[in-house]
Each structure stands twice: as structure tokens, then as C-alpha cells.
Amino acid sequence: MMVRLLYASHCEELSAEMIEAILRRSREHNPRQGITGLLCHGGNVFMQVLEGGRDVVNALYNSIAKDPRHRDVTMLHYEEITERRFAGWTMGQVNLSRINPSLLLKYSERPELDPFAVSGRVSMALLDELIATAAIVGRGG
């Protein structure tokens with residue numbers, strides 16, 4: 001059974017090197033586990049969607065929740081799925097500081113990433129729009 005899990009977290013120090021290390025590890029590890037997804041970041045906030053088998057996605061989420069680089073890890077959305085939305089990405093990336101602020105404002109009160117202030121459905125709608133506008137980089141399979 002496949003699932004889709006969306007979570008958000010804060011990070012004390014969000015550097016380009018840290019993001020690159022997370023993406024590199026994801027892109028090495030995820031294909032073997034059958035996990036696909038997308039990592040969004042802006043300011044000191046991460047928002048990530050993971051798709052794959054229930055056991056491996058749950059195990060990865062639990063590992064992330066224990067990772068000292070993340071704090072306030074919050075599950076925003078979890079569902080059983082029949083097909084993937086992010087099948088083309090071992091781990092896609094969106095740097096929301098490079099996105100037109102009006103796109104973020106469409107889905108929240110302020111033009112910044114704050115998944116803690118909106119519903120999981122709203123955050124998923126933002127991700128769907130990012131796919132539609134080709135804002136995702138790092139396509140890999």
C-alpha cells in the first residue's frame with residue numbers, strides 16, 4: 001500500500017550546504033526504498049512530501065522527526081494513494097525564496113512559507129501549483 005505524507009519543520013540554521021546534503025542523501029537513499037517526493041524550503045522552514053510504501057515512508061518520517069537539524073516536526077497531511085504525484089522526483093527541490101511572492105500569497109496570509117498556519121490541503125494545493133508552473137528542480141529517477 002502506498003501513502004503520501006506531508007510534514008513541516010523548522011531549522012535553526014538553513015544553509016545551502018545543509019540543503020544540498022539532505023538532497024544528496026535523499027537522492028541516494030530514496031530510489032532503493034521506492035520513495036519519491038519534494039522538498040520545499042524558505043526562511044528557516046522545511047516542507048516535504050514523501051510518497052511510497054507505508055512502512056518505508058513511516059520509517060523515514062520517524063527518522064526525520066528524531067533528526068536534530070529539524071525542530072517542531074509536524075505532520076500536515078497523510079493519505080493512502082493509488083498513484084504518485086511526484087513519481088518523477090527521487091527528491092525534487094523548490095527554494096521558495098526564488099518564487100514569485102504572489103504565488104505564496106495565494107495560499108496564505110503572508111507571502112512566505114508558513115505551512116504551520118494553513119491546512120495540509122492548502123499546502124498540497126501549493127505543491128500542485130509548483131508542479132504545474134515547473135518550479136521544481138532536481139528531477140531524477
# chains A, B, ... in the order shown; residues from 1 in each chain; ligands from 1
>>> select_by_dssp(residues="chain A", states="strand (DSSP E)", output="MDAnalysis selection string")
chainID A and resid 2:10 36:42 45:53 71:81 92:95
>>> select_by_dssp(residues="region 19-129 of chain A", states="helix (DSSP H, G or I)", output="JSON, numbers by chain")
{"A": [19, 20, 21, 22, 23, 24, 25, 26, 27, 28, 29, 30, 31, 32, 33, 54, 55, 56, 57, 58, 59, 60, 61, 62, 63, 64, 65, 66, 96, 97, 98, 101, 102, 103, 104, 105, 106, 107, 115, 116, 117, 120, 121, 122, 123, 124, 125, 126, 127, 128, 129]}
>>> residues_around(residues="Met91 (chain A)", least_positions_apart="3", cutoff="12 Å", atoms="only C-alpha atoms", output="PyMOL selection string")
chain A and resi 19-20+22-31+34-40+48-51+86-88+94+136-141
>>> write_last_selection(atoms="N, CA and C atoms", output="short mmCIF file (atom, residue, chain, number, x, y, z; two decimals), in the first residue's frame")
data_model
loop_
_atom_site.label_atom_id
_atom_site.label_comp_id
_atom_site.auth_asym_id
_atom_site.auth_seq_id
_atom_site.Cartn_x
_atom_site.Cartn_y
_atom_site.Cartn_z
N ILE A 19 21.11 21.98 2.84
CA ILE A 19 20.08 21.55 1.89
C ILE A 19 20.67 20.58 0.88
N GLU A 20 21.85 20.90 0.38
CA GLU A 20 22.50 20.03 -0.60
C GLU A 20 22.80 18.66 0.01
N ILE A 22 21.12 17.17 2.45
CA ILE A 22 19.84 16.47 2.60
C ILE A 22 19.38 15.92 1.25
N LEU A 23 19.47 16.76 0.22
CA LEU A 23 19.05 16.32 -1.11
C LEU A 23 19.92 15.18 -1.63
N ARG A 24 21.23 15.29 -1.42
CA ARG A 24 22.15 14.24 -1.88
C ARG A 24 21.81 12.91 -1.21
N ARG A 25 21.62 12.94 0.10
CA ARG A 25 21.27 11.72 0.83
C ARG A 25 19.94 11.16 0.35
N SER A 26 18.96 12.04 0.15
CA SER A 26 17.64 11.59 -0.32
C SER A 26 17.74 10.94 -1.68
N ARG A 27 18.50 11.57 -2.56
CA ARG A 27 18.60 11.05 -3.93
C ARG A 27 19.40 9.75 -4.01
N GLU A 28 20.26 9.51 -3.02
CA GLU A 28 20.99 8.24 -2.96
C GLU A 28 20.14 7.14 -2.32
N HIS A 29 19.43 7.49 -1.26
CA HIS A 29 18.70 6.52 -0.45
C HIS A 29 17.30 6.22 -1.00
N ASN A 30 16.59 7.23 -1.46
CA ASN A 30 15.17 7.07 -1.80
C ASN A 30 14.89 6.08 -2.93
N PRO A 31 15.68 6.05 -4.01
CA PRO A 31 15.35 5.10 -5.08
C PRO A 31 15.34 3.65 -4.61
N GLY A 34 12.11 3.10 -2.88
CA GLY A 34 10.89 3.38 -3.64
C GLY A 34 10.19 4.64 -3.18
N ILE A 35 10.96 5.59 -2.63
CA ILE A 35 10.38 6.84 -2.13
C ILE A 35 10.62 7.94 -3.16
N THR A 36 9.56 8.70 -3.42
CA THR A 36 9.65 9.90 -4.25
C THR A 36 9.13 11.07 -3.44
N GLY A 37 9.40 12.29 -3.92
CA GLY A 37 8.89 13.41 -3.17
C GLY A 37 9.46 14.74 -3.58
N LEU A 38 9.25 15.70 -2.69
CA LEU A 38 9.61 17.09 -2.96
C LEU A 38 9.96 17.77 -1.64
N LEU A 39 11.04 18.54 -1.67
CA LEU A 39 11.46 19.33 -0.50
C LEU A 39 11.34 20.80 -0.86
N CYS A 40 10.55 21.53 -0.08
CA CYS A 40 10.43 22.99 -0.22
C CYS A 40 11.10 23.61 0.98
N GLN A 48 8.10 19.07 3.32
CA GLN A 48 8.48 17.95 2.47
C GLN A 48 7.33 16.99 2.32
N VAL A 49 7.14 16.51 1.10
CA VAL A 49 6.17 15.45 0.84
C VAL A 49 6.94 14.20 0.45
N LEU A 50 6.53 13.09 1.02
CA LEU A 50 7.14 11.79 0.76
C LEU A 50 6.07 10.84 0.25
N GLU A 51 6.39 10.06 -0.77
CA GLU A 51 5.47 9.08 -1.31
C GLU A 51 6.18 7.74 -1.42
N PHE A 86 4.45 12.69 -7.44
CA PHE A 86 5.85 13.09 -7.56
C PHE A 86 6.72 11.94 -8.06
N ALA A 87 6.17 11.11 -8.94
CA ALA A 87 6.86 9.92 -9.40
C ALA A 87 8.17 10.23 -10.13
N GLY A 88 8.29 11.41 -10.71
CA GLY A 88 9.49 11.77 -11.47
C GLY A 88 10.62 12.32 -10.63
N VAL A 94 12.37 22.89 -4.22
CA VAL A 94 11.87 24.23 -4.52
C VAL A 94 12.41 25.17 -3.45
N ILE A 136 9.81 23.17 -9.84
CA ILE A 136 10.58 22.13 -9.16
C ILE A 136 11.85 21.84 -9.94
N VAL A 137 12.97 21.77 -9.23
CA VAL A 137 14.25 21.41 -9.87
C VAL A 137 14.73 20.10 -9.27
N GLY A 138 15.72 19.52 -9.90
CA GLY A 138 16.31 18.29 -9.35
C GLY A 138 15.58 17.04 -9.75
N ARG A 139 14.96 17.05 -10.93
CA ARG A 139 14.27 15.86 -11.40
C ARG A 139 15.26 14.71 -11.49
N GLY A 140 14.88 13.60 -10.97
CA GLY A 140 15.76 12.44 -11.02
C GLY A 140 14.97 11.18 -10.84
N GLY A 141 15.43 10.09 -11.31
CA GLY A 141 14.65 8.87 -11.20
C GLY A 141 15.40 7.73 -10.81
#
>>> residues_around(residues="Met1 (chain A)", least_positions_apart="2", cutoff="12 Å", atoms="only C-alpha atoms", output="number ranges by chain")
A: 3-4, 34, 51-57, 79-84
>>> decode(residues="region 28-119 of chain A", atoms="C-alpha atoms", output="mmCIF file, in the first residue's frame")
data_model
loop_
_atom_site.group_PDB
_atom_site.id
_atom_site.type_symbol
_atom_site.label_atom_id
_atom_site.label_comp_id
_atom_site.auth_asym_id
_atom_site.auth_seq_id
_atom_site.Cartn_x
_atom_site.Cartn_y
_atom_site.Cartn_z
ATOM 1 C CA GLU A 28 20.988 8.240 -2.965
ATOM 2 C CA HIS A 29 18.697 6.523 -0.452
ATOM 3 C CA ASN A 30 15.168 7.066 -1.800
ATOM 4 C CA PRO A 31 15.351 5.099 -5.080
ATOM 5 C CA ARG A 32 16.313 1.908 -3.226
ATOM 6 C CA GLN A 33 13.365 2.414 -0.895
ATOM 7 C CA GLY A 34 10.889 3.375 -3.638
ATOM 8 C CA ILE A 35 10.385 6.839 -2.126
ATOM 9 C CA THR A 36 9.650 9.896 -4.249
ATOM 10 C CA GLY A 37 8.887 13.411 -3.171
ATOM 11 C CA LEU A 38 9.606 17.086 -2.957
ATOM 12 C CA LEU A 39 11.461 19.327 -0.503
ATOM 13 C CA CYS A 40 10.426 22.987 -0.220
ATOM 14 C CA HIS A 41 12.338 25.458 1.877
ATOM 15 C CA GLY A 42 12.063 29.124 2.637
ATOM 16 C CA GLY A 43 13.421 31.122 5.541
ATOM 17 C CA ASN A 44 14.027 28.555 8.267
ATOM 18 C CA VAL A 45 11.099 26.322 7.266
ATOM 19 C CA PHE A 46 11.140 22.940 5.548
ATOM 20 C CA MET A 47 8.077 21.399 3.972
ATOM 21 C CA GLN A 48 8.485 17.952 2.469
ATOM 22 C CA VAL A 49 6.167 15.454 0.843
ATOM 23 C CA LEU A 50 7.145 11.785 0.765
ATOM 24 C CA GLU A 51 5.471 9.076 -1.309
ATOM 25 C CA GLY A 52 5.997 5.337 -1.286
ATOM 26 C CA GLY A 53 5.211 2.205 0.662
ATOM 27 C CA ARG A 54 3.603 2.832 4.032
ATOM 28 C CA ASP A 55 6.321 1.163 6.097
ATOM 29 C CA VAL A 56 9.274 2.897 4.436
ATOM 30 C CA VAL A 57 7.597 6.330 4.396
ATOM 31 C CA ASN A 58 6.635 5.994 8.064
ATOM 32 C CA ALA A 59 10.167 4.875 8.978
ATOM 33 C CA LEU A 60 11.700 7.815 7.096
ATOM 34 C CA TYR A 61 9.330 10.288 8.750
ATOM 35 C CA ASN A 62 10.166 8.888 12.202
ATOM 36 C CA SER A 63 13.873 9.241 11.398
ATOM 37 C CA ILE A 64 13.364 12.858 10.288
ATOM 38 C CA ALA A 65 11.400 13.613 13.462
ATOM 39 C CA LYS A 66 14.437 12.482 15.513
ATOM 40 C CA ASP A 67 16.979 14.387 13.355
ATOM 41 C CA PRO A 68 18.478 17.242 15.423
ATOM 42 C CA ARG A 69 18.529 19.515 12.342
ATOM 43 C CA HIS A 70 14.721 19.608 12.487
ATOM 44 C CA ARG A 71 12.554 21.012 15.249
ATOM 45 C CA ASP A 72 8.794 21.362 15.581
ATOM 46 C CA VAL A 73 8.312 18.496 13.123
ATOM 47 C CA THR A 74 4.594 18.484 12.327
ATOM 48 C CA MET A 75 2.683 16.087 10.108
ATOM 49 C CA LEU A 76 0.359 18.161 7.932
ATOM 50 C CA HIS A 77 -1.251 15.534 5.712
ATOM 51 C CA TYR A 78 -1.250 11.747 5.415
ATOM 52 C CA GLU A 79 -3.236 9.665 2.966
ATOM 53 C CA GLU A 80 -3.328 6.322 1.234
ATOM 54 C CA ILE A 81 -2.806 6.772 -2.502
ATOM 55 C CA THR A 82 -3.339 4.775 -5.666
ATOM 56 C CA GLU A 83 -0.779 6.746 -7.680
ATOM 57 C CA ARG A 84 2.081 9.151 -7.069
ATOM 58 C CA ARG A 85 2.068 12.874 -7.797
ATOM 59 C CA PHE A 86 5.852 13.090 -7.561
ATOM 60 C CA ALA A 87 6.861 9.916 -9.404
ATOM 61 C CA GLY A 88 9.486 11.769 -11.467
ATOM 62 C CA TRP A 89 11.471 13.035 -8.482
ATOM 63 C CA THR A 90 13.659 10.966 -6.181
ATOM 64 C CA MET A 91 13.622 14.273 -4.309
ATOM 65 C CA GLY A 92 12.672 17.451 -6.131
ATOM 66 C CA GLN A 93 13.527 20.826 -4.670
ATOM 67 C CA VAL A 94 11.872 24.229 -4.517
ATOM 68 C CA ASN A 95 13.635 27.215 -2.977
ATOM 69 C CA LEU A 96 10.631 29.369 -2.186
ATOM 70 C CA SER A 97 12.760 32.480 -1.771
ATOM 71 C CA ARG A 98 13.088 32.349 -5.583
ATOM 72 C CA ILE A 99 9.341 32.011 -6.249
ATOM 73 C CA ASN A 100 7.102 34.962 -7.055
ATOM 74 C CA PRO A 101 5.678 36.041 -3.657
ATOM 75 C CA SER A 102 2.198 36.323 -5.175
ATOM 76 C CA LEU A 103 2.120 32.529 -5.532
ATOM 77 C CA LEU A 104 2.728 32.093 -1.804
ATOM 78 C CA LEU A 105 0.229 34.852 -1.008
ATOM 79 C CA LYS A 106 -2.397 32.933 -2.968
ATOM 80 C CA TYR A 107 -2.216 30.163 -0.329
ATOM 81 C CA SER A 108 -1.502 32.032 2.905
ATOM 82 C CA GLU A 109 -1.938 35.262 4.815
ATOM 83 C CA ARG A 110 1.600 36.452 4.062
ATOM 84 C CA PRO A 111 3.870 35.935 1.055
ATOM 85 C CA GLU A 112 6.138 33.453 2.839
ATOM 86 C CA LEU A 113 6.211 29.741 3.503
ATOM 87 C CA ASP A 114 4.303 29.040 6.709
ATOM 88 C CA PRO A 115 2.723 25.586 6.479
ATOM 89 C CA PHE A 116 2.058 25.714 10.230
ATOM 90 C CA ALA A 117 -0.573 28.428 9.643
ATOM 91 C CA VAL A 118 -2.581 26.652 6.917
ATOM 92 C CA SER A 119 -4.194 23.267 6.454
#
